[in-house]
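**Student:** Please find one structure pasted underneath; my questions will follow.
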Amino acid sequence: TVHGVKEEVLPPVDDEFARLVGDFETLDQLRAAVRDELRQHKERALRERLERQVVQEVVDQAEVDLPPQLVAQYARDAEEHVARSLDNQGLTIQQYIKLTGRTTTQFHEELQHQARQSLKRAFVLEAVADAEHIAVSDEEIEAEVCRLVEDEERARQALEREEIRRRIASDLREQKTVARLVDIATEGAGPIASQAASATEAAGSSQEQETDEQQ
């Protein structure tokens with residue numbers, strides 16, 4: 001038996017509504033803010049897609065000889081990371097491989113492929129950064145740490161740890177390198193792939209020498 005139907009009454013979309021939902025005086029201000037937020041979101045998405053496309057083109061065109069030992073070590077580290085993550089979920093790697101319908105050989109081949117792709121990307125971006133003389137200042141590192149860690153005392157402690165400073169510096173240098181590649185690609189300064197290939201050739205030999213010395 002239906003005893004009654006209640007109709008939901010929505011508040012009128014007017015200036016009062018705008019003041020209720022945010023720091024706006026009028027409905028026009030609210031609408032403008034929504035449009036601006038949507039535009040910024042779209043611009044960020046487009047920028048991120050462009051960055052991925054430009055970097056991928058540069059990496060695809062570059063020739064990098066990766067030491068097999070380095071690839072193997074990277075793949076082992078990746079496998080250990082996967083194992084720890086699965087262990088937190090109560091799974092083993094063998095159980096995970098079975099659940100995903102792959103063989104152990106396929107799993108390790110995928111890790112090797114991912115290792116080569118990640119290392120090649122890192123080497124190429126490092127070469128471009130060197131060729132473009134991209135650097136990160138102490139001020140930039142400190143500003144980034146303060147942005148990530150709002151608490152002043154925790155930020156100070158983080159800045160005292162050299163490994164954190166190195167990681168932040170590396171991340172910022174990569175961001176600046178990607179931004180530089182996008183600038184080159186959108187400035188009409190010629191095919192980005194050929195420019196990046198030249199940059200990697202100039203720095204490639206020194207990168208290999210450093211790897212040999214570390215081994």
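Letters A, B, ... mark the chains of the structure tokens in the order given; residue numbers begin at 1 per chain; ligand numbers begin at 1, in order shown.
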If we count only C-alpha atoms and set the cut-off at 10 Å, which residues sit around range 110-120 of chain A, ignoring sequence neighbours fewer than 5 positions away in its own chain? Please answer as JSON, numbers by chain.
**Tutor:** {"A": [59, 60, 62, 63, 64, 65, 66, 67, 68, 70, 71, 72, 73, 74, 75, 76, 77, 78, 79, 104, 105, 125, 126]}
**Student:** Excluding same-chain residues fewer than 2 positions from Ala169 in chain A, what lies within 10 Å of it counting only C-alpha atoms, as a count of residues only?
**Tutor:** 18
**Student:** Please identify which residues in range 112-165 of chain A DSSP calls alpha helix (DSSP H) from the backbone, and express them as a PDB file with N, CA and C atoms, in the first residue's frame.
**Tutor:**
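That gives us result.pdb:
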ATOM      1  N   GLN A 112      61.344  -7.760 -17.235  1.00  0.00           N
ATOM      2  CA  GLN A 112      62.524  -7.365 -18.009  1.00  0.00           C
ATOM      3  C   GLN A 112      62.184  -6.248 -18.993  1.00  0.00           C
ATOM      4  N   HIS A 113      61.050  -6.386 -19.671  1.00  0.00           N
ATOM      5  CA  HIS A 113      60.624  -5.362 -20.636  1.00  0.00           C
ATOM      6  C   HIS A 113      60.375  -4.028 -19.936  1.00  0.00           C
ATOM      7  N   GLN A 114      59.674  -4.068 -18.811  1.00  0.00           N
ATOM      8  CA  GLN A 114      59.412  -2.841 -18.061  1.00  0.00           C
ATOM      9  C   GLN A 114      60.709  -2.217 -17.563  1.00  0.00           C
ATOM     10  N   ALA A 115      61.653  -3.069 -17.151  1.00  0.00           N
ATOM     11  CA  ALA A 115      62.944  -2.567 -16.679  1.00  0.00           C
ATOM     12  C   ALA A 115      63.677  -1.835 -17.799  1.00  0.00           C
ATOM     13  N   ARG A 116      63.703  -2.437 -18.993  1.00  0.00           N
ATOM     14  CA  ARG A 116      64.375  -1.788 -20.127  1.00  0.00           C
ATOM     15  C   ARG A 116      63.711  -0.463 -20.479  1.00  0.00           C
ATOM     16  N   GLN A 117      62.386  -0.432 -20.484  1.00  0.00           N
ATOM     17  CA  GLN A 117      61.676   0.799 -20.821  1.00  0.00           C
ATOM     18  C   GLN A 117      61.939   1.894 -19.786  1.00  0.00           C
ATOM     19  N   SER A 118      61.877   1.540 -18.513  1.00  0.00           N
ATOM     20  CA  SER A 118      62.087   2.536 -17.450  1.00  0.00           C
ATOM     21  C   SER A 118      63.512   3.065 -17.460  1.00  0.00           C
ATOM     22  N   LEU A 119      64.486   2.167 -17.618  1.00  0.00           N
ATOM     23  CA  LEU A 119      65.881   2.588 -17.632  1.00  0.00           C
ATOM     24  C   LEU A 119      66.200   3.437 -18.859  1.00  0.00           C
ATOM     25  N   LYS A 120      65.663   3.044 -20.006  1.00  0.00           N
ATOM     26  CA  LYS A 120      65.895   3.821 -21.218  1.00  0.00           C
ATOM     27  C   LYS A 120      65.326   5.227 -21.058  1.00  0.00           C
ATOM     28  N   ARG A 121      64.130   5.317 -20.519  1.00  0.00           N
ATOM     29  CA  ARG A 121      63.509   6.629 -20.295  1.00  0.00           C
ATOM     30  C   ARG A 121      64.377   7.473 -19.361  1.00  0.00           C
ATOM     31  N   ALA A 122      64.854   6.870 -18.279  1.00  0.00           N
ATOM     32  CA  ALA A 122      65.669   7.607 -17.314  1.00  0.00           C
ATOM     33  C   ALA A 122      66.971   8.074 -17.949  1.00  0.00           C
ATOM     34  N   PHE A 123      67.640   7.202 -18.724  1.00  0.00           N
ATOM     35  CA  PHE A 123      68.898   7.562 -19.357  1.00  0.00           C
ATOM     36  C   PHE A 123      68.716   8.664 -20.383  1.00  0.00           C
ATOM     37  N   VAL A 124      67.639   8.575 -21.161  1.00  0.00           N
ATOM     38  CA  VAL A 124      67.381   9.583 -22.192  1.00  0.00           C
ATOM     39  C   VAL A 124      67.116  10.947 -21.559  1.00  0.00           C
ATOM     40  N   LEU A 125      66.262  10.981 -20.540  1.00  0.00           N
ATOM     41  CA  LEU A 125      65.951  12.255 -19.882  1.00  0.00           C
ATOM     42  C   LEU A 125      67.187  12.830 -19.202  1.00  0.00           C
ATOM     43  N   GLU A 126      68.020  11.963 -18.637  1.00  0.00           N
ATOM     44  CA  GLU A 126      69.257  12.435 -18.011  1.00  0.00           C
ATOM     45  C   GLU A 126      70.178  13.048 -19.063  1.00  0.00           C
ATOM     46  N   ALA A 127      70.252  12.410 -20.226  1.00  0.00           N
ATOM     47  CA  ALA A 127      71.102  12.930 -21.301  1.00  0.00           C
ATOM     48  C   ALA A 127      70.594  14.276 -21.803  1.00  0.00           C
ATOM     49  N   VAL A 128      69.284  14.391 -21.960  1.00  0.00           N
ATOM     50  CA  VAL A 128      68.700  15.660 -22.409  1.00  0.00           C
ATOM     51  C   VAL A 128      68.944  16.750 -21.369  1.00  0.00           C
ATOM     52  N   ALA A 129      68.784  16.402 -20.091  1.00  0.00           N
ATOM     53  CA  ALA A 129      69.007  17.384 -19.021  1.00  0.00           C
ATOM     54  C   ALA A 129      70.442  17.884 -19.045  1.00  0.00           C
ATOM     55  N   ASP A 130      71.387  16.972 -19.255  1.00  0.00           N
ATOM     56  CA  ASP A 130      72.797  17.377 -19.333  1.00  0.00           C
ATOM     57  C   ASP A 130      73.041  18.268 -20.548  1.00  0.00           C
ATOM     58  N   ALA A 131      72.479  17.878 -21.689  1.00  0.00           N
ATOM     59  CA  ALA A 131      72.679  18.643 -22.909  1.00  0.00           C
ATOM     60  C   ALA A 131      72.074  20.039 -22.814  1.00  0.00           C
ATOM     61  N   ASP A 138      69.174  24.876  -4.586  1.00  0.00           N
ATOM     62  CA  ASP A 138      68.791  24.555  -3.206  1.00  0.00           C
ATOM     63  C   ASP A 138      67.460  25.207  -2.859  1.00  0.00           C
ATOM     64  N   GLU A 139      67.252  26.411  -3.380  1.00  0.00           N
ATOM     65  CA  GLU A 139      65.995  27.117  -3.100  1.00  0.00           C
ATOM     66  C   GLU A 139      64.797  26.350  -3.667  1.00  0.00           C
ATOM     67  N   GLU A 140      64.962  25.782  -4.849  1.00  0.00           N
ATOM     68  CA  GLU A 140      63.877  25.009  -5.464  1.00  0.00           C
ATOM     69  C   GLU A 140      63.594  23.742  -4.662  1.00  0.00           C
ATOM     70  N   ILE A 141      64.654  23.100  -4.177  1.00  0.00           N
ATOM     71  CA  ILE A 141      64.480  21.896  -3.356  1.00  0.00           C
ATOM     72  C   ILE A 141      63.730  22.236  -2.081  1.00  0.00           C
ATOM     73  N   GLU A 142      64.141  23.305  -1.421  1.00  0.00           N
ATOM     74  CA  GLU A 142      63.497  23.706  -0.165  1.00  0.00           C
ATOM     75  C   GLU A 142      62.039  24.081  -0.386  1.00  0.00           C
ATOM     76  N   ALA A 143      61.757  24.785  -1.472  1.00  0.00           N
ATOM     77  CA  ALA A 143      60.380  25.179  -1.767  1.00  0.00           C
ATOM     78  C   ALA A 143      59.504  23.960  -2.033  1.00  0.00           C
ATOM     79  N   GLU A 144      60.057  22.961  -2.730  1.00  0.00           N
ATOM     80  CA  GLU A 144      59.288  21.748  -3.025  1.00  0.00           C
ATOM     81  C   GLU A 144      59.012  20.946  -1.758  1.00  0.00           C
ATOM     82  N   VAL A 145      60.006  20.840  -0.883  1.00  0.00           N
ATOM     83  CA  VAL A 145      59.803  20.120   0.380  1.00  0.00           C
ATOM     84  C   VAL A 145      58.738  20.819   1.220  1.00  0.00           C
ATOM     85  N   CYS A 146      58.787  22.133   1.282  1.00  0.00           N
ATOM     86  CA  CYS A 146      57.796  22.885   2.047  1.00  0.00           C
ATOM     87  C   CYS A 146      56.403  22.745   1.446  1.00  0.00           C
ATOM     88  N   ARG A 147      56.337  22.590   0.134  1.00  0.00           N
ATOM     89  CA  ARG A 147      55.039  22.392  -0.515  1.00  0.00           C
ATOM     90  C   ARG A 147      54.467  21.018  -0.186  1.00  0.00           C
ATOM     91  N   LEU A 148      55.345  20.024  -0.156  1.00  0.00           N
ATOM     92  CA  LEU A 148      54.907  18.657   0.113  1.00  0.00           C
ATOM     93  C   LEU A 148      54.646  18.405   1.586  1.00  0.00           C
ATOM     94  N   GLU A 152      56.140  22.875   9.436  1.00  0.00           N
ATOM     95  CA  GLU A 152      57.447  23.516   9.320  1.00  0.00           C
ATOM     96  C   GLU A 152      58.559  22.671   9.927  1.00  0.00           C
ATOM     97  N   GLU A 153      58.311  22.064  11.083  1.00  0.00           N
ATOM     98  CA  GLU A 153      59.338  21.265  11.745  1.00  0.00           C
ATOM     99  C   GLU A 153      59.658  20.004  10.945  1.00  0.00           C
ATOM    100  N   ARG A 154      58.623  19.345  10.422  1.00  0.00           N
ATOM    101  CA  ARG A 154      58.846  18.142   9.614  1.00  0.00           C
ATOM    102  C   ARG A 154      59.570  18.485   8.316  1.00  0.00           C
ATOM    103  N   ALA A 155      59.260  19.640   7.761  1.00  0.00           N
ATOM    104  CA  ALA A 155      59.940  20.072   6.541  1.00  0.00           C
ATOM    105  C   ALA A 155      61.422  20.303   6.816  1.00  0.00           C
ATOM    106  N   ARG A 156      61.718  20.916   7.962  1.00  0.00           N
ATOM    107  CA  ARG A 156      63.122  21.167   8.327  1.00  0.00           C
ATOM    108  C   ARG A 156      63.874  19.849   8.504  1.00  0.00           C
ATOM    109  N   GLN A 157      63.229  18.883   9.152  1.00  0.00           N
ATOM    110  CA  GLN A 157      63.864  17.586   9.348  1.00  0.00           C
ATOM    111  C   GLN A 157      64.103  16.873   8.016  1.00  0.00           C
ATOM    112  N   ALA A 158      63.139  16.993   7.116  1.00  0.00           N
ATOM    113  CA  ALA A 158      63.281  16.362   5.801  1.00  0.00           C
ATOM    114  C   ALA A 158      64.455  16.970   5.038  1.00  0.00           C
ATOM    115  N   LEU A 159      64.611  18.285   5.131  1.00  0.00           N
ATOM    116  CA  LEU A 159      65.682  18.958   4.403  1.00  0.00           C
ATOM    117  C   LEU A 159      67.055  18.594   4.944  1.00  0.00           C
ATOM    118  N   GLU A 162      69.960  13.939   3.471  1.00  0.00           N
ATOM    119  CA  GLU A 162      70.551  14.086   2.144  1.00  0.00           C
ATOM    120  C   GLU A 162      69.838  13.240   1.101  1.00  0.00           C
ATOM    121  N   GLU A 163      69.373  12.023   1.482  1.00  0.00           N
ATOM    122  CA  GLU A 163      68.713  11.171   0.498  1.00  0.00           C
ATOM    123  C   GLU A 163      67.400  11.783   0.020  1.00  0.00           C
ATOM    124  N   ILE A 164      66.719  12.502   0.915  1.00  0.00           N
ATOM    125  CA  ILE A 164      65.475  13.172   0.524  1.00  0.00           C
ATOM    126  C   ILE A 164      65.784  14.322  -0.414  1.00  0.00           C
ATOM    127  N   ARG A 165      66.816  15.085  -0.120  1.00  0.00           N
ATOM    128  CA  ARG A 165      67.197  16.198  -0.985  1.00  0.00           C
ATOM    129  C   ARG A 165      67.569  15.689  -2.373  1.00  0.00           C
TER     130      ARG A 165
END
